[in-house]
file protein_31.cif (mmCIF, C-alpha atoms)
data_entry
loop_
_atom_site.label_atom_id
_atom_site.label_comp_id
_atom_site.auth_asym_id
_atom_site.auth_seq_id
_atom_site.Cartn_x
_atom_site.Cartn_y
_atom_site.Cartn_z
CA MET U 1 1.63 -20.74 9.19
CA VAL U 2 1.29 -17.05 10.06
CA ARG U 3 -2.11 -15.35 10.17
CA LEU U 4 -1.70 -11.70 9.21
CA GLY U 5 -4.49 -9.14 9.45
CA ILE U 6 -4.08 -6.04 7.29
CA SER U 7 -6.12 -2.92 7.87
CA VAL U 8 -6.57 -1.22 4.50
CA GLU U 9 -7.94 2.14 3.47
CA GLY U 10 -10.67 1.04 1.06
CA THR U 11 -11.92 -1.21 -1.71
CA THR U 12 -8.95 -0.69 -4.04
CA GLU U 13 -6.42 -1.75 -1.42
CA GLU U 14 -8.64 -4.61 -0.28
CA ARG U 15 -8.75 -6.02 -3.83
CA PHE U 16 -5.02 -5.48 -4.25
CA VAL U 17 -4.34 -7.50 -1.11
CA LYS U 18 -6.71 -10.32 -2.07
CA GLN U 19 -5.72 -10.57 -5.73
CA VAL U 20 -2.02 -9.72 -5.70
CA LEU U 21 -0.38 -9.58 -2.28
CA ALA U 22 -2.08 -12.56 -0.61
CA PRO U 23 -1.01 -15.12 -3.26
CA TYR U 24 2.52 -13.71 -3.15
CA LEU U 25 2.89 -14.16 0.62
CA GLU U 26 1.14 -17.52 0.72
CA ARG U 27 4.24 -19.01 -0.86
CA VAL U 28 6.03 -18.44 2.47
CA ASN U 29 3.02 -19.58 4.53
CA ILE U 30 1.76 -16.12 5.44
CA TYR U 31 -2.00 -15.85 5.05
CA ILE U 32 -3.45 -12.34 4.86
CA THR U 33 -6.96 -11.16 5.64
CA PRO U 34 -7.67 -7.55 4.57
CA ILE U 35 -10.15 -5.52 6.61
CA SER U 36 -11.29 -2.26 5.02
CA MET U 37 -11.67 1.05 6.84
CA ASN U 38 -14.01 2.19 4.04
CA GLY U 39 -11.96 5.34 3.47
CA ALA U 40 -12.18 6.59 7.06
CA VAL U 41 -8.54 6.63 8.11
CA SER U 42 -7.43 8.68 11.10
CA LEU U 43 -5.65 7.77 14.32
CA ASP U 44 -8.95 7.80 16.18
CA SER U 45 -10.73 5.56 13.68
CA VAL U 46 -7.96 2.97 13.39
CA LYS U 47 -7.07 2.69 17.07
CA SER U 48 -9.93 0.39 18.06
CA GLU U 49 -9.75 -1.50 14.76
CA LEU U 50 -6.05 -2.34 15.11
CA THR U 51 -6.39 -3.32 18.77
CA LYS U 52 -9.36 -5.56 17.95
CA MET U 53 -7.46 -7.17 15.07
CA ALA U 54 -4.50 -7.91 17.35
CA PHE U 55 -6.68 -10.37 19.26
CA SER U 56 -7.69 -12.20 16.07
CA PHE U 57 -4.36 -12.51 14.21
CA ASP U 58 -0.76 -13.47 14.89
CA TYR U 59 0.36 -10.12 13.47
CA VAL U 60 -1.28 -6.94 12.18
CA THR U 61 -0.13 -4.49 9.53
CA THR U 62 -1.62 -1.51 7.70
CA LEU U 63 -1.89 -0.22 4.13
CA TYR U 64 -3.01 3.41 4.23
CA ASP U 65 -2.20 6.19 1.76
CA PHE U 66 -0.32 9.17 3.14
CA TYR U 67 -2.81 11.38 1.28
CA GLY U 68 -5.78 9.42 2.59
CA PHE U 69 -4.86 9.94 6.23
CA SER U 70 -7.06 12.65 7.72
CA ARG U 71 -6.09 15.13 10.41
CA LYS U 72 -2.35 14.95 9.78
CA LYS U 73 -0.15 17.32 11.75
CA THR U 74 1.74 20.15 10.06
CA GLY U 75 5.01 18.73 8.79
CA GLU U 76 3.78 15.15 9.15
CA THR U 77 5.93 12.50 7.47
CA LYS U 78 5.46 8.86 6.60
CA GLU U 79 7.74 7.94 9.53
CA SER U 80 5.92 10.13 12.05
CA LEU U 81 2.55 8.72 10.98
CA GLU U 82 3.82 5.16 11.32
CA THR U 83 5.20 5.96 14.78
CA ARG U 84 1.87 7.44 15.82
CA LEU U 85 0.05 4.35 14.53
CA TYR U 86 2.33 2.20 16.65
CA ASP U 87 1.82 4.41 19.69
CA VAL U 88 -1.99 4.19 19.61
CA MET U 89 -1.86 0.39 19.96
CA HIS U 90 -2.61 -1.16 23.32
CA ASP U 91 0.72 -1.87 25.04
CA GLY U 92 0.07 -5.60 25.12
CA ALA U 93 -0.48 -5.68 21.34
CA LYS U 94 2.32 -3.40 20.11
CA GLY U 95 4.61 -6.35 19.42
CA LYS U 96 2.13 -7.61 16.83
CA LEU U 97 1.92 -4.41 14.76
CA ILE U 98 3.90 -3.48 11.63
CA PRO U 99 2.57 -0.02 10.67
CA TYR U 100 2.89 0.95 7.00
CA VAL U 101 1.88 4.12 5.18
CA GLN U 102 2.19 4.21 1.37
CA MET U 103 3.80 7.29 -0.18
CA TYR U 104 1.99 9.12 -1.52
CA GLU U 105 -0.82 6.81 -2.39
CA PHE U 106 -1.48 3.33 -3.80
CA GLU U 107 -1.51 4.59 -7.41
CA GLY U 108 2.15 5.52 -7.15
CA LEU U 109 2.97 1.80 -7.22
CA LEU U 110 1.29 1.49 -10.62
CA PHE U 111 3.94 3.70 -12.20
CA SER U 112 6.39 0.83 -11.60
CA SER U 113 5.41 -0.27 -15.10
CA PRO U 114 3.96 2.15 -17.66
CA GLU U 115 3.81 -0.89 -19.96
CA SER U 116 1.36 -2.61 -17.62
CA MET U 117 -0.72 0.55 -17.34
CA ALA U 118 -0.87 0.72 -21.13
CA HIS U 119 -1.75 -2.97 -21.39
CA VAL U 120 -4.60 -2.95 -18.85
CA LEU U 121 -5.97 0.44 -19.94
CA ARG U 122 -5.53 -0.45 -23.63
CA ASP U 123 -3.72 2.73 -24.53
CA ASP U 124 -0.22 2.35 -25.99
CA GLY U 125 0.42 6.07 -25.57
CA LEU U 126 0.61 5.59 -21.81
CA VAL U 127 4.05 3.99 -22.07
CA GLU U 128 5.67 7.25 -23.18
CA TRP U 129 3.51 9.33 -20.83
CA GLY U 130 4.25 7.12 -17.81
CA ASN U 131 7.98 7.10 -18.50
CA LYS U 132 8.01 10.91 -18.71
CA VAL U 133 6.41 11.05 -15.25
CA LEU U 134 9.02 8.60 -13.95
CA ASP U 135 11.82 10.68 -15.48
CA GLU U 136 10.51 13.70 -13.59
CA PHE U 137 10.83 11.81 -10.30
CA GLN U 138 14.16 10.02 -10.84
CA HIS U 139 12.38 6.75 -11.66
CA CYS U 140 11.04 6.34 -8.12
CA PRO U 141 7.24 5.78 -8.26
CA GLU U 142 6.90 6.45 -4.52
CA SER U 143 8.20 10.00 -5.05
CA ILE U 144 5.52 11.01 -7.57
CA ASN U 145 3.94 14.06 -6.00
CA ASN U 146 3.90 17.80 -6.58
CA SER U 147 0.64 18.62 -4.87
CA PHE U 148 -2.69 17.06 -4.04
CA GLU U 149 -3.86 17.98 -7.55
CA THR U 150 -0.96 16.13 -9.21
CA ALA U 151 -0.95 13.03 -7.02
CA PRO U 152 -0.57 9.71 -8.90
CA SER U 153 -4.32 8.98 -8.95
CA LYS U 154 -5.10 12.49 -10.22
CA ARG U 155 -2.56 12.08 -13.03
CA LEU U 156 -4.13 8.79 -14.05
CA GLU U 157 -7.67 10.15 -13.92
CA GLN U 158 -6.72 13.18 -16.02
CA HIS U 159 -4.78 11.27 -18.69
CA THR U 160 -6.52 7.89 -18.88
CA CYS U 161 -9.81 6.03 -18.44
CA TYR U 162 -8.56 4.82 -15.02
CA ARG U 163 -11.20 3.58 -12.58
CA LYS U 164 -9.62 3.14 -9.17
CA THR U 165 -11.27 0.03 -7.77
CA THR U 166 -11.24 -1.93 -11.04
CA HIS U 167 -8.09 -0.90 -12.84
CA GLY U 168 -5.82 -0.35 -9.82
CA PRO U 169 -5.63 -3.99 -8.65
CA ASN U 170 -5.61 -5.26 -12.26
CA ILE U 171 -2.62 -3.11 -13.19
CA ALA U 172 -0.81 -4.19 -10.02
CA MET U 173 -1.48 -7.83 -10.90
CA ASP U 174 -0.11 -7.28 -14.39
CA ILE U 175 3.03 -5.69 -12.96
CA GLY U 176 3.63 -8.29 -10.24
CA ILE U 177 4.93 -7.79 -6.71
CA ASP U 178 8.58 -8.45 -7.61
CA LYS U 179 8.66 -5.64 -10.18
CA ILE U 180 6.92 -3.25 -7.76
CA ARG U 181 9.49 -4.17 -5.09
CA SER U 182 12.36 -3.46 -7.47
CA MET U 183 11.01 0.04 -8.22
CA CYS U 184 9.61 1.06 -4.81
CA PRO U 185 12.12 0.88 -1.93
CA GLU U 186 9.68 1.63 0.91
CA PHE U 187 7.17 -0.92 -0.36
CA ASN U 188 10.00 -3.43 -0.72
CA LYS U 189 11.13 -2.81 2.85
CA TRP U 190 7.59 -3.42 4.12
CA ILE U 191 7.20 -6.70 2.20
CA ALA U 192 10.59 -7.86 3.50
CA GLN U 193 9.37 -7.16 7.05
CA LEU U 194 6.26 -9.22 6.41
CA GLU U 195 8.25 -12.09 4.93
CA ARG U 196 10.42 -12.23 8.06
CA LEU U 197 7.31 -13.05 10.11
CA ALA U 198 7.50 -16.55 8.66
CA LEU U 199 11.02 -17.20 10.01
CA PRO U 200 11.21 -19.82 12.81
CA SER U 201 12.58 -17.24 15.30
CA ASN U 202 9.23 -15.42 15.17
CA HIS U 203 7.22 -18.41 16.38
#
call {"tool": "encode", "arguments": {"input": "protein_31.cif", "output": "structure tokens"}}
result
Amino acid sequence: MVRLGISVEGTTEERFVKQVLAPYLERVNIYITPISMNGAVSLDSVKSELTKMAFSFDYVTTLYDFYGFSRKKTGETKESLETRLYDVMHDGAKGKLIPYVQMYEFEGLLFSSPESMAHVLRDDGLVEWGNKVLDEFQHCPESINNSFETAPSKRLEQHTCYRKTTHGPNIAMDIGIDKIRSMCPEFNKWIAQLERLALPSNH
């Protein structure tokens, strides 16, 4: 059994972990506990949280939106943010951390299935709309981004009755982790890393 602590950005991600990701990883004996940052995500704010969590869990990971991260440097990338997250950890705890930043935000994952968005939001027109958005970004939900104003959550809020904390986890549950993994390569890579924690060589 592996005890995994996951520092998440807010309520939406916390519910996603509890309702969707936790049951998925329990099948390989990885048990996740999400701990919310209540929207306050910066290197300074997460440093003490991650170090504290390292003393309470076998491993620690993160689920923060790239857009939600405050005080980013000019030219910041997902990789540079993840490296900086790793670097702020206490040296004795670095081996326990798997930093992960979601591009560009959690809602991008929901475009893995316009059919599920339409089902949960009860609007059949969202299938065509969602597929048009996917076409624009070569069918990679993690690439959906033109600007802060056209981020995945903004698109949903402008075109649907989407309510982040309620609908987000429900749509993700309807889609299922396997489908999200098949559409989102970075998310898939992260889940594969987490699954490897359960291998005998890691104990």
call {"tool": "residues_around", "arguments": {"input": "protein_31.cif", "residues": "Thr160 in chain U", "least_positions_apart": "2", "cutoff": "10 Å", "atoms": "all atoms listed in the file", "output": "list of chain:residue names"}}
result
U:Met117, U:Ala118, U:Leu121, U:Arg122, U:Asp123, U:Gly125, U:Leu126, U:Lys154, U:Arg155, U:Leu156, U:Glu157, U:Gln158, U:Tyr162, U:Arg163
call {"tool": "axis_aligned_box", "arguments": {"input": "protein_31.cif", "around": "range 153-163 of chain U", "padding_each_side": "8 Å", "output": "lines of an AutoDock Vina configuration file"}}
result
center_x = -6.9
center_y = 8.4
center_z = -13.9
size_x = 24.6
size_y = 25.6
size_z = 25.9
call {"tool": "resolve_selection", "arguments": {"input": "protein_31.cif", "expression": "the PyMOL selection byres ((chain U and resi 21) around 10)", "output": "VMD selection string"}}
result
chain U and resid 13 to 20 22 to 26 31 to 32 169 172 to 173 176 to 177 191
call {"tool": "write_last_selection", "arguments": {"input": "protein_31.cif", "atoms": "C-alpha atoms", "output": "short mmCIF file (atom, residue, chain, number, x, y, z; two decimals), in the frame of the given file"}}
result
data_model
loop_
_atom_site.label_atom_id
_atom_site.label_comp_id
_atom_site.auth_asym_id
_atom_site.auth_seq_id
_atom_site.Cartn_x
_atom_site.Cartn_y
_atom_site.Cartn_z
CA GLU U 13 -6.42 -1.75 -1.42
CA GLU U 14 -8.64 -4.61 -0.28
CA ARG U 15 -8.75 -6.02 -3.83
CA PHE U 16 -5.02 -5.48 -4.25
CA VAL U 17 -4.34 -7.50 -1.11
CA LYS U 18 -6.71 -10.32 -2.07
CA GLN U 19 -5.72 -10.57 -5.73
CA VAL U 20 -2.02 -9.72 -5.70
CA ALA U 22 -2.08 -12.56 -0.61
CA PRO U 23 -1.01 -15.12 -3.26
CA TYR U 24 2.52 -13.71 -3.15
CA LEU U 25 2.89 -14.16 0.62
CA GLU U 26 1.14 -17.52 0.72
CA TYR U 31 -2.00 -15.85 5.05
CA ILE U 32 -3.45 -12.34 4.86
CA PRO U 169 -5.63 -3.99 -8.65
CA ALA U 172 -0.81 -4.19 -10.02
CA MET U 173 -1.48 -7.83 -10.90
CA GLY U 176 3.63 -8.29 -10.24
CA ILE U 177 4.93 -7.79 -6.71
CA ILE U 191 7.20 -6.70 2.20
#
call {"tool": "atom_distance", "arguments": {"input": "protein_31.cif", "atom1": "CA of Ser116 in chain U", "atom2": "CA of Met103 in chain U"}}
result
20.2 Å
call {"tool": "closest_residue", "arguments": {"input": "protein_31.cif", "among": "U:Glu9, U:Glu128, U:Glu136, U:Glu142", "to": "Ser42 in chain U", "atoms": "all atoms listed in the file"}}
result
U:Glu9
call {"tool": "atom_distance", "arguments": {"input": "protein_31.cif", "atom1": "CA of Leu50 in chain U", "atom2": "CA of Thr165 in chain U"}}
result
23.6 Å
call {"tool": "resolve_selection", "arguments": {"input": "protein_31.cif", "expression": "the PyMOL selection byres ((chain U and resi 179) around 12)", "output": "list of chain:residue names"}}
result
U:Leu109, U:Leu110, U:Phe111, U:Ser112, U:Ser113, U:Pro114, U:Glu115, U:Ser116, U:Pro141, U:Ile171, U:Ala172, U:Met173, U:Asp174, U:Ile175, U:Gly176, U:Ile177, U:Asp178, U:Ile180, U:Arg181, U:Ser182, U:Met183, U:Cys184, U:Pro185, U:Phe187, U:Asn188
call {"tool": "atom_distance", "arguments": {"input": "protein_31.cif", "atom1": "CA of Pro200 in chain U", "atom2": "CA of Met53 in chain U"}}
result
22.7 Å
call {"tool": "closest_atom_pairs", "arguments": {"input": "protein_31.cif", "of": "range 134-187 of chain U", "to": "range 57-76 of chain U", "cutoff": "12 Å", "atoms": "all atoms listed in the file", "output": "CSV"}}
result
residue,atom,partner,partner_atom,distance
U:Glu142,CA,U:Phe66,CA,10.9
U:Ser143,CA,U:Phe66,CA,11.8
U:Asn145,CA,U:Tyr67,CA,10.3
U:Ser147,CA,U:Tyr67,CA,10.1
U:Phe148,CA,U:Tyr67,CA,7.8
U:Glu149,CA,U:Tyr67,CA,11.1
U:Thr150,CA,U:Tyr67,CA,11.7
U:Ala151,CA,U:Tyr67,CA,8.7
U:Pro152,CA,U:Tyr67,CA,10.6
U:Ser153,CA,U:Tyr67,CA,10.6
U:Lys154,CA,U:Tyr67,CA,11.8
U:Phe187,CA,U:Leu63,CA,10.1
call {"tool": "residues_around", "arguments": {"input": "protein_31.cif", "residues": "Thr83 in chain U", "least_positions_apart": "4", "cutoff": "12 Å", "atoms": "only C-alpha atoms", "output": "PyMOL selection string"}}
result
chain U and resi 43+76-79+87-89+94+97-101
call {"tool": "closest_residue", "arguments": {"input": "protein_31.cif", "among": "U:Thr12, U:Ser56, U:Ser7, U:Ser201", "to": "Glu105 in chain U", "atoms": "all atoms listed in the file"}}
result
U:Thr12
